[in-house]
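Single-structure report; data block below.
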Amino acid sequence: MRKPFINNPVYRLFNTDPIYTNLALTRLASAPNTPREASYNALVAREHEGVLNTLKRMNPKRIEKLASMCPDVVTYSIDLKILQSKIAEMENHEQRLYQVLKAWSKSEKESDIFIRYQQLIDEFPGYSLAQLHSIINDEKFFGA
């Protein structure tokens, strides 16, 4: 197996749409939003306290106007390793839901709904009765 060229692959998006710039600036105006964010950005926040305070005092209309003037201010970094992990997690979850629906369809011969649910609980012990009921009755899986 070949060794990757980049240890932490991060894809960067530049010159974003003003809508995304507005969202990012609005979020920055209320920063820090989490302890991790505060810790990670502590030095830059201290060095640029003036610009951050000015942004915090702006109303949403002014931030929107500012965002339309500066598409080069916001850069998004997308961690591809984490993204890959989240895609795999989502696909595994979808596959599990599909298996529940398939098992439910196979049990249609049984007329007693309680027995059908009991069979599902036995086959999928990681799910509660409420979760199984939600999966079975979720419109998006049946295309309704």
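Identifiers for the structure tokens are assigned positionally: chains receive A, B, ... in sequence, residues are indexed from 1 per chain, and ligands are indexed from 1 in the order shown.
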
Can you tell me, as a PyMOL selection string, what residues are no more than 12 Å from range 52-64 of chain A when counting only C-alpha atoms, ignoring any on the same chain fewer than 4 positions away? chain A and resi 17-32+41+44-48+68-71

If we count only C-alpha atoms, what is near Tyr117 in chain A at a cut-off of 9 Å, once residues fewer than 3 positions away on the same chain are taken out, given as a PyMOL selection string? chain A and resi 104+112-114+120-122+129+132-133

Go ahead and save the picked residues with N, CA and C atoms, as a compact mmCIF listing (two decimals), in the first residue's frame.
```txt
# COMPACT_ATOMS: atom_id res chain seq x y z
N TRP A 104 -38.84 -6.56 8.00
CA TRP A 104 -40.25 -6.23 8.23
C TRP A 104 -41.09 -6.73 7.06
N ASP A 112 -50.19 -11.08 13.22
CA ASP A 112 -50.13 -10.42 14.53
C ASP A 112 -48.98 -9.42 14.54
N ILE A 113 -49.33 -8.13 14.61
CA ILE A 113 -48.33 -7.06 14.55
C ILE A 113 -47.35 -7.14 15.73
N PHE A 114 -47.84 -7.56 16.89
CA PHE A 114 -46.98 -7.69 18.07
C PHE A 114 -45.88 -8.71 17.80
N LEU A 120 -38.59 -8.48 15.07
CA LEU A 120 -37.62 -7.43 14.75
C LEU A 120 -36.72 -7.12 15.94
N ILE A 121 -37.30 -7.04 17.12
CA ILE A 121 -36.52 -6.77 18.33
C ILE A 121 -35.49 -7.86 18.54
N ASP A 122 -35.88 -9.11 18.29
CA ASP A 122 -34.95 -10.23 18.43
C ASP A 122 -33.83 -10.15 17.41
N LEU A 129 -38.02 -0.47 20.55
CA LEU A 129 -39.29 -0.63 19.85
C LEU A 129 -39.67 0.67 19.15
N LEU A 132 -37.59 1.11 15.97
CA LEU A 132 -38.06 0.21 14.91
C LEU A 132 -39.36 0.73 14.30
N HIS A 133 -40.26 1.16 15.15
CA HIS A 133 -41.54 1.71 14.68
C HIS A 133 -41.30 2.93 13.79
```

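Of note, CA of Asn7 in chain A and CA of Ser85 in chain A are spaced 15.3 Å apart.
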
Point out the residue among A:Leu13, A:Asn8, A:Glu123, A:Glu108 with the least atom-to-atom distance to Ser77 in chain A, counting only C-alpha atoms. A:Leu13

Residues within 9 Å of Leu97 in chain A, please, as number ranges by chain. Count only C-alpha atoms; anything in the same chain fewer than 2 positions from it doesn't count. A: 92-95, 99-102, 132, 135-136, 141

For the residues in that selection, give me C-alpha atoms as a CSV table (one decimal), in the first residue's frame.
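What ended up in out10.csv:
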```csv
chain,number,residue,atom,x,y,z
A,92,ASN,CA,-23.6,1.8,7.5
A,93,HIS,CA,-26.6,3.4,9.2
A,94,GLU,CA,-28.6,3.4,5.9
A,95,GLN,CA,-27.7,-0.2,5.3
A,99,GLN,CA,-32.0,-4.5,6.7
A,100,VAL,CA,-34.8,-3.6,9.2
A,101,LEU,CA,-37.2,-2.8,6.4
A,102,LYS,CA,-36.3,-5.9,4.5
A,132,LEU,CA,-38.1,0.2,14.9
A,135,ILE,CA,-38.0,3.2,10.7
A,136,ILE,CA,-40.9,1.2,9.5
A,141,PHE,CA,-38.1,4.9,3.0
```

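Counting from CA of Arg96 in chain A, the distance to CA of Pro125 in chain A is 12.1 Å.
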
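Near Tyr76 in chain A, within 9 Å and counting only C-alpha atoms, sit Tyr11, Arg12, Leu13, Phe14 and Thr16 of chain A, not including residues fewer than 6 positions from it in the same chain.
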
With C-alpha atoms retained, write the just-selected residues as a short mmCIF file (atom, residue, chain, number, x, y, z; two decimals), in the first residue's frame.
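The result, written out as result-v8.cif:
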```cif
data_model
loop_
_atom_site.label_atom_id
_atom_site.label_comp_id
_atom_site.auth_asym_id
_atom_site.auth_seq_id
_atom_site.Cartn_x
_atom_site.Cartn_y
_atom_site.Cartn_z
CA TYR A 11 -9.60 20.52 0.92
CA ARG A 12 -9.90 24.30 0.88
CA LEU A 13 -12.67 26.25 -0.82
CA PHE A 14 -11.84 29.85 -1.75
CA THR A 16 -17.13 31.57 -1.56
#
```

Enumerate as a PyMOL selection string all residues of chain A assigned to strand (DSSP E) by DSSP on the backbone, naming them with the chain letters and numbers the document uses. chain A and resi 10-13+76-79

Just list as a VMD selection string whatever in chain A DSSP marks as helix (DSSP H, G or I). chain A and resid 18 to 29 35 to 40 42 to 47 49 to 57 60 to 69 80 to 109 113 to 123 129 to 137 139 to 142
